[in-house]
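Pasting input-v1.txt here (compact mmCIF, C-alpha atoms):
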```
# COMPACT_ATOMS: atom_id res chain seq x y z
CA MET C 401 -56.01 7.51 17.76
CA ALA C 402 -54.24 9.42 15.00
CA ASN C 403 -51.38 10.18 17.39
CA LEU C 404 -51.05 6.50 18.30
CA ILE C 405 -50.84 5.51 14.65
CA LYS C 406 -48.12 8.11 14.04
CA ILE C 407 -46.08 6.89 17.01
CA LYS C 408 -46.47 3.28 15.88
CA GLN C 409 -45.23 4.20 12.40
CA SER C 410 -42.21 5.93 13.97
CA ILE C 411 -41.43 2.81 16.03
CA SER C 412 -41.60 0.65 12.91
CA SER C 413 -39.36 3.06 10.97
CA VAL C 414 -36.73 3.21 13.73
CA ARG C 415 -36.77 -0.58 14.12
CA ASN C 416 -36.18 -1.04 10.36
CA THR C 417 -33.32 1.46 10.48
CA GLN C 418 -31.80 -0.36 13.44
CA GLN C 419 -31.85 -3.65 11.52
CA ILE C 420 -29.90 -1.97 8.70
CA THR C 421 -27.32 -0.40 11.02
CA LYS C 422 -26.81 -3.68 12.86
CA ALA C 423 -26.26 -5.49 9.55
CA MET C 424 -23.78 -2.81 8.43
CA GLU C 425 -22.03 -3.02 11.80
CA ALA C 426 -21.61 -6.79 11.43
CA VAL C 427 -20.25 -6.46 7.87
CA SER C 428 -17.88 -3.66 8.89
CA ALA C 429 -16.65 -5.70 11.86
CA VAL C 430 -15.63 -8.56 9.56
CA LYS C 431 -13.95 -6.21 7.07
CA MET C 432 -12.30 -4.30 9.90
CA ARG C 433 -10.70 -7.41 11.39
CA LYS C 434 -9.38 -8.57 8.03
CA SER C 435 -8.12 -5.14 6.96
CA GLN C 436 -6.44 -4.67 10.35
CA GLN C 437 -4.75 -8.03 9.99
CA ILE C 438 -3.49 -7.12 6.52
CA ALA C 439 -2.30 -3.65 7.56
CA LEU C 440 -0.66 -4.84 10.77
CA GLY C 441 0.77 -7.93 9.08
CA SER C 442 2.54 -5.74 6.51
CA ARG C 443 4.32 -3.72 9.19
CA PRO C 444 7.18 -6.12 10.01
CA TYR C 445 7.90 -6.48 6.27
CA SER C 446 7.84 -2.70 5.82
CA VAL C 447 10.27 -2.27 8.70
CA GLU C 448 12.71 -4.76 7.20
CA VAL C 449 12.72 -3.18 3.72
CA PHE C 450 13.26 0.30 5.12
CA GLN C 451 16.07 -1.01 7.30
CA LEU C 452 17.71 -2.38 4.15
CA LEU C 453 17.69 1.14 2.72
CA GLN C 454 19.23 2.51 5.90
CA ASN C 455 22.07 0.00 5.62
CA LEU C 456 23.17 1.55 2.32
CA LYS C 457 25.54 4.50 2.21
CA PHE C 458 23.70 7.69 3.13
CA THR C 459 25.78 9.81 0.73
CA GLU C 460 24.63 7.69 -2.22
CA ILE C 461 21.05 7.71 -0.96
CA ASN C 462 20.95 11.51 -0.93
CA GLU C 463 22.13 11.59 -4.53
CA HIS C 464 19.12 9.63 -5.77
CA TRP C 465 16.55 11.76 -7.64
CA LEU C 466 13.74 10.87 -5.21
CA PHE C 467 15.80 12.57 -2.48
CA GLN C 468 16.66 15.66 -4.55
CA GLU C 469 14.98 19.05 -4.33
CA ILE C 470 13.30 19.87 -7.65
CA SER C 471 12.71 23.43 -8.79
CA SER C 472 9.00 23.86 -9.49
CA PRO C 473 6.38 26.48 -8.57
CA ASN C 474 3.81 23.74 -7.88
CA THR C 475 3.06 21.62 -4.81
CA GLY C 476 1.65 18.11 -4.96
CA LEU C 477 -1.16 16.94 -2.66
CA LEU C 478 -2.28 13.33 -2.34
CA LEU C 479 -5.69 12.88 -0.67
CA VAL C 480 -6.77 9.44 0.54
CA THR C 481 -10.43 9.04 1.50
CA SER C 482 -13.16 6.43 1.07
CA ASP C 483 -15.62 5.90 -1.77
CA LYS C 484 -18.56 5.58 0.63
CA SER C 485 -20.05 7.50 3.52
CA LEU C 486 -21.45 6.37 6.89
CA CYS C 487 -18.03 6.16 8.53
CA GLY C 488 -18.25 8.93 11.11
CA GLY C 489 -15.62 11.64 10.85
CA TYR C 490 -13.20 9.51 8.83
CA ASN C 491 -13.43 11.53 5.60
CA SER C 492 -14.09 14.94 7.17
CA ASN C 493 -10.97 14.71 9.35
CA VAL C 494 -8.76 14.03 6.32
CA LEU C 495 -10.35 16.84 4.34
CA LYS C 496 -9.99 19.26 7.27
CA LYS C 497 -6.26 18.55 7.28
CA ALA C 498 -6.20 19.30 3.56
CA GLU C 499 -8.22 22.51 4.07
CA ASN C 500 -5.76 23.78 6.67
CA PHE C 501 -2.86 22.89 4.39
CA LEU C 502 -4.40 24.80 1.47
CA LYS C 503 -5.17 27.99 3.43
CA ASP C 504 -1.82 29.60 2.62
CA LYS C 505 -1.45 27.98 -0.80
CA ASP C 506 -2.30 29.22 -4.27
CA ALA C 507 -4.93 26.78 -5.61
CA GLU C 508 -3.60 27.21 -9.15
CA LYS C 509 -0.23 25.85 -8.05
CA ILE C 510 -1.63 22.69 -6.41
CA GLN C 511 -1.27 19.42 -8.33
CA ALA C 512 -3.79 17.11 -6.66
CA ILE C 513 -4.06 13.33 -6.78
CA ALA C 514 -7.27 11.93 -5.29
CA VAL C 515 -7.93 8.44 -3.93
CA GLY C 516 -11.60 7.84 -3.17
CA LYS C 517 -14.79 9.54 -4.37
CA LYS C 518 -14.88 11.89 -1.38
CA ALA C 519 -11.40 13.19 -2.23
CA ILE C 520 -12.39 13.62 -5.89
CA ASN C 521 -15.47 15.65 -4.90
CA PHE C 522 -13.34 17.78 -2.58
CA CYS C 523 -10.84 18.60 -5.34
CA GLN C 524 -13.63 19.46 -7.77
CA ARG C 525 -15.35 21.76 -5.26
CA ARG C 526 -12.05 23.54 -4.58
CA ASN C 527 -11.28 23.76 -8.33
CA LEU C 528 -7.93 22.08 -7.79
CA ASN C 529 -5.90 20.77 -10.70
CA LEU C 530 -6.72 17.06 -10.45
CA THR C 531 -3.89 15.24 -12.25
CA ALA C 532 -5.00 11.68 -11.34
CA LYS C 533 -7.87 9.99 -9.51
CA PHE C 534 -8.40 6.48 -8.21
CA THR C 535 -11.50 4.70 -6.91
CA ASP C 536 -12.53 1.16 -6.01
CA PHE C 537 -9.22 0.13 -4.50
CA GLY C 538 -11.23 -2.50 -2.70
CA ASP C 539 -11.54 -3.53 0.91
CA PHE C 540 -8.33 -5.56 0.91
CA THR C 541 -5.95 -3.83 -1.50
CA GLU C 542 -3.12 -5.73 -3.19
CA VAL C 543 0.25 -4.22 -4.10
CA GLN C 544 -0.58 -4.53 -7.79
CA GLU C 545 -3.51 -2.17 -7.32
CA THR C 546 -1.53 0.61 -5.63
CA SER C 547 1.56 0.38 -7.87
CA PRO C 548 0.02 2.61 -10.62
CA LEU C 549 -0.61 5.31 -8.02
CA ALA C 550 3.00 5.21 -6.81
CA LYS C 551 4.35 5.23 -10.38
CA ILE C 552 2.26 8.27 -11.35
CA ILE C 553 3.52 10.14 -8.28
CA MET C 554 7.17 9.30 -9.04
CA ASN C 555 6.83 10.12 -12.75
CA ASN C 556 5.24 13.50 -12.00
CA PHE C 557 7.97 14.30 -9.48
CA GLN C 558 10.73 13.28 -11.87
CA LYS C 559 9.22 15.49 -14.60
CA GLY C 560 9.29 18.44 -12.20
CA GLU C 561 5.52 18.91 -12.03
CA TYR C 562 5.75 19.68 -8.31
CA GLN C 563 8.55 20.65 -5.95
CA GLU C 564 7.24 18.54 -3.09
CA LEU C 565 4.40 16.14 -2.40
CA TRP C 566 2.24 16.02 0.73
CA VAL C 567 -0.23 13.30 1.66
CA SER C 568 -3.34 13.59 3.83
CA TYR C 569 -4.67 10.25 5.05
CA THR C 570 -5.79 8.39 8.19
CA ASN C 571 -3.32 6.41 10.24
CA PHE C 572 -4.75 3.35 11.99
CA VAL C 573 -3.91 3.37 15.70
CA SER C 574 -6.56 1.07 17.16
CA THR C 575 -10.18 0.03 16.66
CA MET C 576 -11.37 3.13 18.51
CA VAL C 577 -8.62 5.54 17.41
CA GLN C 578 -7.83 6.61 13.85
CA GLU C 579 -5.57 9.62 13.41
CA ALA C 580 -5.83 11.91 10.39
CA VAL C 581 -2.34 13.11 9.45
CA ILE C 582 -0.68 15.18 6.74
CA ARG C 583 3.01 14.73 5.97
CA LYS C 584 5.54 15.42 3.24
CA ILE C 585 6.65 12.28 1.42
CA LEU C 586 8.61 13.79 -1.51
CA PRO C 587 11.44 14.51 -1.75
CA ILE C 588 12.31 11.65 0.58
CA ASP C 589 14.66 12.37 3.45
CA LEU C 590 16.03 10.31 6.32
CA ASN C 591 13.51 11.82 8.73
CA PHE C 592 10.73 10.52 6.52
CA ILE C 593 12.28 7.05 6.62
CA GLN C 594 12.48 7.20 10.41
CA GLU C 595 8.89 8.43 10.71
CA ILE C 596 7.67 5.58 8.52
CA ILE C 597 9.53 3.06 10.68
CA LYS C 598 8.01 4.49 13.85
CA GLY C 599 4.55 4.82 12.37
CA ILE C 600 4.26 1.28 11.05
CA LEU C 601 5.03 -0.25 14.44
CA PRO C 602 2.02 -0.36 16.79
CA LYS C 603 2.76 0.42 20.42
CA THR C 604 1.18 -2.80 21.69
CA GLY C 605 -0.11 -6.08 20.34
CA LYS C 606 1.02 -8.96 18.19
CA TYR C 607 2.86 -6.81 15.65
CA SER C 608 4.42 -4.33 18.08
CA GLN C 609 7.97 -5.60 17.31
CA PRO C 610 9.57 -7.42 14.39
CA GLU C 611 10.49 -10.96 15.35
CA SER C 612 14.12 -10.25 14.56
CA VAL C 613 14.27 -7.47 17.16
CA ASP C 614 14.43 -8.46 20.81
CA SER C 615 15.05 -5.42 22.97
CA GLU C 616 12.25 -4.81 25.44
CA ASN C 617 14.12 -2.05 27.24
CA ASN C 618 15.32 -0.16 24.17
CA SER C 619 13.60 2.68 22.39
CA ILE C 620 12.52 2.35 18.75
CA ASP C 621 15.53 4.35 17.62
CA GLU C 622 17.87 2.03 19.54
CA LYS C 623 16.23 -1.07 18.11
CA PHE C 624 16.90 0.02 14.56
CA SER C 625 20.28 1.62 15.13
CA ASP C 626 21.54 -1.71 16.49
CA LYS C 627 21.00 -3.21 13.06
CA LEU C 628 23.01 -0.51 11.34
CA ASN C 629 26.30 -1.20 13.09
CA HIS C 630 27.40 -3.75 10.50
CA ASN C 631 29.34 -3.54 7.26
CA TYR C 632 27.54 -5.04 4.27
CA LEU C 633 28.91 -5.99 0.86
CA PHE C 634 26.45 -5.16 -1.91
CA GLU C 635 26.56 -6.75 -5.35
CA PRO C 636 26.83 -5.48 -8.03
CA SER C 637 27.08 -2.08 -6.28
CA SER C 638 25.15 -0.05 -3.76
CA SER C 639 24.32 2.65 -6.35
CA GLU C 640 22.76 0.12 -8.73
CA ILE C 641 20.82 -1.42 -5.86
CA LEU C 642 19.55 2.02 -4.92
CA ASP C 643 18.20 2.63 -8.43
CA SER C 644 16.09 -0.50 -8.10
CA LEU C 645 15.39 -0.46 -4.39
CA ILE C 646 14.28 3.10 -3.66
CA PRO C 647 11.32 3.16 -6.14
CA VAL C 648 10.18 -0.19 -4.73
CA LEU C 649 10.47 1.15 -1.19
CA PHE C 650 8.46 4.21 -2.17
CA GLN C 651 5.77 1.95 -3.65
CA THR C 652 5.77 0.06 -0.35
CA ALA C 653 5.22 3.33 1.54
CA ILE C 654 2.29 4.29 -0.71
CA HIS C 655 0.80 0.80 -0.38
CA HIS C 656 1.10 1.01 3.39
CA ILE C 657 -0.71 4.37 3.40
CA ILE C 658 -3.63 2.77 1.51
CA LEU C 659 -3.67 -0.20 3.91
CA GLU C 660 -3.73 2.12 6.91
CA SER C 661 -6.59 4.08 5.36
CA ASN C 662 -8.60 0.92 4.61
CA ALA C 663 -8.23 -0.36 8.17
CA SER C 664 -9.19 3.06 9.53
CA GLU C 665 -12.24 3.32 7.27
CA HIS C 666 -13.73 -0.02 8.33
CA SER C 667 -12.97 0.67 11.99
CA ALA C 668 -14.64 4.08 11.79
CA ARG C 669 -17.69 2.67 9.98
CA ARG C 670 -18.06 -0.15 12.47
CA VAL C 671 -17.97 2.29 15.41
CA ALA C 672 -20.38 4.67 13.64
CA MET C 673 -22.88 1.88 12.93
CA LYS C 674 -22.64 0.62 16.51
CA ASN C 675 -23.37 4.11 17.81
CA ALA C 676 -26.31 4.38 15.40
CA SER C 677 -27.70 1.03 16.58
CA ASP C 678 -27.33 2.05 20.22
CA ASN C 679 -29.06 5.37 19.57
CA ALA C 680 -31.86 3.59 17.73
CA GLU C 681 -32.34 1.27 20.70
CA LYS C 682 -32.52 4.23 23.06
CA PHE C 683 -34.99 6.02 20.76
CA LEU C 684 -37.14 2.88 20.54
CA LYS C 685 -37.44 2.73 24.32
CA GLU C 686 -38.50 6.39 24.44
CA LEU C 687 -41.05 5.91 21.64
CA THR C 688 -42.42 2.76 23.25
CA LEU C 689 -42.86 4.58 26.54
CA THR C 690 -44.58 7.47 24.76
CA TYR C 691 -46.81 5.03 22.88
CA ASN C 692 -47.80 3.23 26.09
CA LYS C 693 -48.60 6.52 27.81
CA ALA C 694 -50.68 7.72 24.86
CA ARG C 695 -52.48 4.38 24.64
CA GLN C 696 -53.23 4.43 28.38
CA ALA C 697 -54.51 7.98 28.08
CA ALA C 698 -56.79 6.95 25.19
CA ILE C 699 -58.14 4.01 27.19
CA THR C 700 -58.75 6.24 30.20
CA THR C 701 -60.58 8.75 28.02
CA GLU C 702 -62.78 6.03 26.53
CA ILE C 703 -63.65 4.64 30.00
CA THR C 704 -64.46 8.13 31.22
CA GLU C 705 -66.75 8.74 28.25
CA ILE C 706 -68.55 5.42 28.82
CA ILE C 707 -69.07 6.19 32.51
CA SER C 708 -70.25 9.71 31.74
CA GLY C 709 -72.69 8.41 29.11
CA LYS C 710 -74.10 5.82 31.48
CA GLU C 711 -74.59 8.42 34.20
CA ALA C 712 -76.34 10.73 31.73
CA MET C 713 -78.79 7.96 30.78
CA SER C 714 -79.62 7.14 34.44
```

Render the structure in this file as structure tokens.
Amino acid sequence: MANLIKIKQSISSVRNTQQITKAMEAVSAVKMRKSQQIALGSRPYSVEVFQLLQNLKFTEINEHWLFQEISSPNTGLLLVTSDKSLCGGYNSNVLKKAENFLKDKDAEKIQAIAVGKKAINFCQRRNLNLTAKFTDFGDFTEVQETSPLAKIIMNNFQKGEYQELWVSYTNFVSTMVQEAVIRKILPIDLNFIQEIIKGILPKTGKYSQPESVDSENNSIDEKFSDKLNHNYLFEPSSSEILDSLIPVLFQTAIHHIILESNASEHSARRVAMKNASDNAEKFLKELTLTYNKARQAAITTEITEIISGKEAMS
């Protein structure tokens, strides 16, 4: 009887856990769809603003301070994780990328900026120099929220606090696929611009191509190069436009990184909670079968004892 009670308690515990995971799965599914829509919806805009930069004179672009090599013994590292757990390997994959990056680096020469409580804890465990930290960006981040992060990064770079800046974050590919990546974002170069353009265009789906681009048979490079074969007149001058445009474009890149991370987080949590619910269902079936077997065995034992007692009294 004691064994039956224990199994019944286990069934009740697993069932309660399953109710929680199903509720979290439903909430994550709603947040995932909205965050995906926001992240994907920002991609055509991001493509257009980066194309505007490409239309300016490359010689003047390379002279801007965000494109210049800065002499400094330090390296900047931006880590983007979540504030919460229960999202599968979302955080661990980002931190593994950071671990591999730091293997050949002197920890004393790392200037870290952390987004998310998991990133903050990682920097504190590694005794990294944490120059700035951000939490509670929210499920659906606005540009105004990420602007302070971008401004701190640009100010630190302009002051010469680090020679280059790398970012480790998760790129949203699809509901089932989120890719942890690490890339250099400062100083900016044309390859970085091209990578951003490629990365913010999904391979398939509603937002796979900007509406202004209609070239089904062309590669991504051809799509964008077609737009660069025109002469533009900039007022008041291209150099003055660059001074205003490039910082804004960099803020757009940082904002897009946060959007990608948010969409990836909710997708990963939704999948993790679905797997947990499925595992709970499977465990419930096994426990129920075990309970039924134990109950049947107890009934059989009781019947046997009754029969044996009756025969003894005859």

(message) Just checking: using all atoms listed in the file, which residue out of C:Asn679, C:Gln651, C:Ser708, C:Ser639 ends up closest to Glu463 of chain C?
(response)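 Looking only at the distances to Glu463 of chain C, the closest residue turns out to be C:Ser639.
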
(message) Between C:Lys497, C:Lys505, C:Lys710, C:Arg526, which residue has the minimum interatomic distance to Arg583 of chain C, considering only C-alpha atoms?
(response)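 Checking each of C:Lys497, C:Lys505, C:Lys710, C:Arg526 against Arg583 of chain C, counting only C-alpha atoms, the winner is C:Lys497.
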
(message) Report, in Å with one decimal, the straight-line distance from atom CA of Arg525 of chain C to atom CA of Glu508 of chain C.
(response)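 Here the two named atoms are 13.5 Å from each other.
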
(request) To one decimal in Å, tell me the separation between atom CA of Ile510 of chain C and atom CA of Ile553 of chain C. (result)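 Value for the atom CA of Ile510 of chain C-atom CA of Ile553 of chain C distance: 13.7 Å.
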
(request) Quote the spacing between atom CA of Ala429 of chain C and atom CA of Arg670 of chain C in Å to one decimal place. (result) 5.8 Å

(request) Might you pull out every residue within 12 Å of Lys682 of chain C, with only C-alpha atoms counted and same-chain residues fewer than 5 positions away left off, and present them as a list in words? (result)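 So the residues in contact are Ile411, Val414, Arg415, Gln418, Asn675, Ala676, Ser677, Leu687, Thr688 and Leu689 of chain C.
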
What would the file look like if the residues just selected were written as a compact mmCIF listing (two decimals), keeping the file's coordinate frame with C-alpha atoms?
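Dumped to out26.txt:
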```txt
# COMPACT_ATOMS: atom_id res chain seq x y z
CA ILE C 411 -41.43 2.81 16.03
CA VAL C 414 -36.73 3.21 13.73
CA ARG C 415 -36.77 -0.58 14.12
CA GLN C 418 -31.80 -0.36 13.44
CA ASN C 675 -23.37 4.11 17.81
CA ALA C 676 -26.31 4.38 15.40
CA SER C 677 -27.70 1.03 16.58
CA LEU C 687 -41.05 5.91 21.64
CA THR C 688 -42.42 2.76 23.25
CA LEU C 689 -42.86 4.58 26.54
```

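Nearest residue to Leu479 of chain C, choosing from C:Lys517, C:Lys509, C:His464, C:Lys685 and counting all atoms listed in the file: C:Lys517.
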
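In this comparison, which uses all atoms listed in the file, the residue of C:Lys674, C:Phe467, C:Val430, C:Leu477 approaching Phe650 of chain C most closely is C:Phe467.
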
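You can rank C:Ile552, C:Leu528, C:Met673, C:Ala498 by their closest distance to Gln511 of chain C using all atoms listed in the file, and at the top of that list sits C:Leu528.
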
(message) Env of Gln563 of chain C: 7 Å cut, atoms = all atoms listed in the file, seq-sep filter 5 positions within chain, self excluded. Answer as a PyMOL selection string.
(response) chain C and resi 469-475

(request) Rank C:Ile658, C:Ala426, C:Ile520, C:Leu502 by their smallest atom-to-atom distance to Ser547 of chain C, using all atoms listed in the file, and report the top residue only. (result) C:Ile658
